[in-house]
Amino acid sequence: MPQITQGIRSILSLPSMYRLFGALIGGSYSRATLVKEYVKPSPGDRILDIGCGTGDILYHLPDVQYIGFDTSEAYIRAARQQFGDRATFYCDTVGGETTNPQTL
């Protein structure tokens with residue numbers, strides 16, 4: 001399913017605006033709570049994040065093997081720029097023809 005980028009979502013399709021909106025609605029607190037209370041990762045765990053957005057959950061994770069999928073090329077580029085080799089990001093749907101994680 002392609003990303004919807006009409007209306008308010010046209011603004012949120014920009015990684016900087018997506019991150020700003022997330023900060024305004026308490027996204028960091030929510031991600032921290034999700035990780036601490038539900039995911040409970042340990043260093044070395046493998047984590048698959050479907051719909052990872054810009055990958056900001058990595059700020060709350062220990063040293064894990066993280067793979068993120070999102071359909072937004074802009075989000076994936078921003079995630080790769082922010083987190084470099086700390087994670088692997090794919091711009092694709094799960095089960096689709098996977099784009100090489102190193103190209104975009």
# chains A, B, ... in the order shown; residues from 1 in each chain; ligands from 1

$ residues_around --residues "Pro43 (chain A)" --least-positions-apart "3" --cutoff "8 Å" --atoms "only C-alpha atoms" --output "short mmCIF file (atom, residue, chain, number, x, y, z; two decimals) with N, CA, C and O atoms, in the first residue's frame"
data_model
loop_
_atom_site.label_atom_id
_atom_site.label_comp_id
_atom_site.auth_asym_id
_atom_site.auth_seq_id
_atom_site.Cartn_x
_atom_site.Cartn_y
_atom_site.Cartn_z
N PRO A 62 18.65 -0.39 23.42
CA PRO A 62 20.06 -0.68 23.65
C PRO A 62 20.71 -1.12 22.33
O PRO A 62 20.08 -1.05 21.26
N ASP A 63 21.89 -1.64 22.39
CA ASP A 63 22.60 -2.11 21.21
C ASP A 63 21.94 -3.40 20.72
O ASP A 63 22.22 -4.48 21.23
N VAL A 64 21.04 -3.26 19.74
CA VAL A 64 20.29 -4.39 19.19
C VAL A 64 20.52 -4.46 17.68
O VAL A 64 21.00 -3.52 17.08
#

$ residues_around --residues "region 83-94 of chain A" --least-positions-apart "6" --cutoff "6 Å" --atoms "only C-alpha atoms" --output "PyMOL selection string"
chain A and resi 66-71+73+101

$ write_last_selection --atoms "N, CA and C atoms" --output "short mmCIF file (atom, residue, chain, number, x, y, z; two decimals), in the first residue's frame"
data_model
loop_
_atom_site.label_atom_id
_atom_site.label_comp_id
_atom_site.auth_asym_id
_atom_site.auth_seq_id
_atom_site.Cartn_x
_atom_site.Cartn_y
_atom_site.Cartn_z
N TYR A 66 18.67 -4.07 14.63
CA TYR A 66 17.39 -3.43 14.30
C TYR A 66 17.20 -3.39 12.79
N ILE A 67 16.03 -3.83 12.34
CA ILE A 67 15.65 -3.73 10.94
C ILE A 67 14.33 -2.99 10.89
N GLY A 68 14.29 -1.91 10.12
CA GLY A 68 13.08 -1.11 9.98
C GLY A 68 12.58 -1.10 8.55
N PHE A 69 11.27 -1.22 8.40
CA PHE A 69 10.61 -1.13 7.10
C PHE A 69 9.66 0.07 7.12
N ASP A 70 9.66 0.83 6.04
CA ASP A 70 8.66 1.87 5.85
C ASP A 70 8.50 2.09 4.35
N THR A 71 7.33 2.57 3.95
CA THR A 71 7.07 2.81 2.53
C THR A 71 7.51 4.20 2.09
N GLU A 73 10.18 6.79 1.17
CA GLU A 73 11.59 6.93 0.84
C GLU A 73 12.23 8.05 1.66
N PRO A 101 18.87 -2.31 0.80
CA PRO A 101 18.87 -1.36 1.90
C PRO A 101 19.91 -0.27 1.76
#

$ select_by_dssp --residues "chain A" --states "helix (DSSP H, G or I)" --output "ChimeraX atom specification"
/A:8-12,15-24,27-39,56-60,73-86

$ closest_residue --among "A:Val35, A:Ile25, A:Thr54, A:Met17" --to "Arg80 (chain A)" --atoms "only C-alpha atoms"
A:Thr54

$ select_by_dssp --residues "chain A" --states "strand (DSSP E or B)" --output "list in words"
Arg46, Ile47, Leu48, Asp49, Ile50, Gln65, Tyr66, Ile67, Gly68, Phe69, Asp70, Ala87, Thr88, Phe89, Tyr90 and Cys91 of chain A

$ write_last_selection --atoms "N, CA, C and O atoms" --output "JSON list (two decimals), in the first residue's frame"
[["chain", "number", "residue", "atom", "x", "y", "z"],
["A", 46, "ARG", "N", 17.26, -9.07, 18.41],
["A", 46, "ARG", "CA", 16.92, -8.69, 17.04],
["A", 46, "ARG", "C", 15.51, -8.12, 17.05],
["A", 46, "ARG", "O", 14.59, -8.73, 17.58],
["A", 47, "ILE", "N", 15.36, -6.94, 16.45],
["A", 47, "ILE", "CA", 14.07, -6.26, 16.44],
["A", 47, "ILE", "C", 13.69, -5.91, 15.01],
["A", 47, "ILE", "O", 14.49, -5.31, 14.28],
["A", 48, "LEU", "N", 12.47, -6.27, 14.62],
["A", 48, "LEU", "CA", 11.91, -5.93, 13.32],
["A", 48, "LEU", "C", 10.82, -4.90, 13.56],
["A", 48, "LEU", "O", 9.88, -5.15, 14.31],
["A", 49, "ASP", "N", 10.94, -3.74, 12.93],
["A", 49, "ASP", "CA", 9.98, -2.65, 13.10],
["A", 49, "ASP", "C", 9.31, -2.38, 11.76],
["A", 49, "ASP", "O", 9.92, -1.87, 10.83],
["A", 50, "ILE", "N", 8.05, -2.75, 11.67],
["A", 50, "ILE", "CA", 7.28, -2.55, 10.44],
["A", 50, "ILE", "C", 6.52, -1.24, 10.58],
["A", 50, "ILE", "O", 5.73, -1.06, 11.51],
["A", 65, "GLN", "N", 20.14, -5.60, 17.10],
["A", 65, "GLN", "CA", 20.10, -5.72, 15.64],
["A", 65, "GLN", "C", 18.72, -5.24, 15.23],
["A", 65, "GLN", "O", 17.73, -5.93, 15.45],
["A", 66, "TYR", "N", 18.67, -4.07, 14.63],
["A", 66, "TYR", "CA", 17.39, -3.43, 14.30],
["A", 66, "TYR", "C", 17.20, -3.39, 12.79],
["A", 66, "TYR", "O", 18.10, -2.96, 12.06],
["A", 67, "ILE", "N", 16.03, -3.83, 12.34],
["A", 67, "ILE", "CA", 15.65, -3.73, 10.94],
["A", 67, "ILE", "C", 14.33, -2.99, 10.89],
["A", 67, "ILE", "O", 13.35, -3.39, 11.54],
["A", 68, "GLY", "N", 14.29, -1.91, 10.12],
["A", 68, "GLY", "CA", 13.08, -1.11, 9.98],
["A", 68, "GLY", "C", 12.58, -1.10, 8.55],
["A", 68, "GLY", "O", 13.37, -0.98, 7.61],
["A", 69, "PHE", "N", 11.27, -1.22, 8.40],
["A", 69, "PHE", "CA", 10.61, -1.13, 7.10],
["A", 69, "PHE", "C", 9.66, 0.07, 7.12],
["A", 69, "PHE", "O", 8.94, 0.28, 8.09],
["A", 70, "ASP", "N", 9.66, 0.83, 6.04],
["A", 70, "ASP", "CA", 8.66, 1.87, 5.85],
["A", 70, "ASP", "C", 8.50, 2.09, 4.35],
["A", 70, "ASP", "O", 9.41, 1.83, 3.58],
["A", 87, "ALA", "N", 21.58, 0.52, 12.29],
["A", 87, "ALA", "CA", 20.38, -0.21, 11.91],
["A", 87, "ALA", "C", 20.36, -0.43, 10.41],
["A", 87, "ALA", "O", 21.11, 0.20, 9.68],
["A", 88, "THR", "N", 19.47, -1.31, 9.98],
["A", 88, "THR", "CA", 19.23, -1.53, 8.56],
["A", 88, "THR", "C", 17.81, -1.10, 8.25],
["A", 88, "THR", "O", 16.88, -1.50, 8.96],
["A", 89, "PHE", "N", 17.65, -0.28, 7.23],
["A", 89, "PHE", "CA", 16.34, 0.24, 6.86],
["A", 89, "PHE", "C", 16.01, -0.15, 5.43],
["A", 89, "PHE", "O", 16.86, -0.06, 4.55],
["A", 90, "TYR", "N", 14.76, -0.56, 5.23],
["A", 90, "TYR", "CA", 14.26, -0.91, 3.91],
["A", 90, "TYR", "C", 13.08, -0.03, 3.56],
["A", 90, "TYR", "O", 12.18, 0.15, 4.38],
["A", 91, "CYS", "N", 13.09, 0.47, 2.35],
["A", 91, "CYS", "CA", 11.94, 1.20, 1.84],
["A", 91, "CYS", "C", 11.11, 0.22, 1.03],
["A", 91, "CYS", "O", 11.41, -0.07, -0.12]]

$ atom_distance --atom1 "CA of Ser13 (chain A)" --atom2 "CA of Pro41 (chain A)"
29.1 Å

$ atom_distance --atom1 "CA of Gln82 (chain A)" --atom2 "CA of Gly55 (chain A)"
8.6 Å

$ atom_distance --atom1 "CA of Lys40 (chain A)" --atom2 "CA of Phe21 (chain A)"
25.6 Å
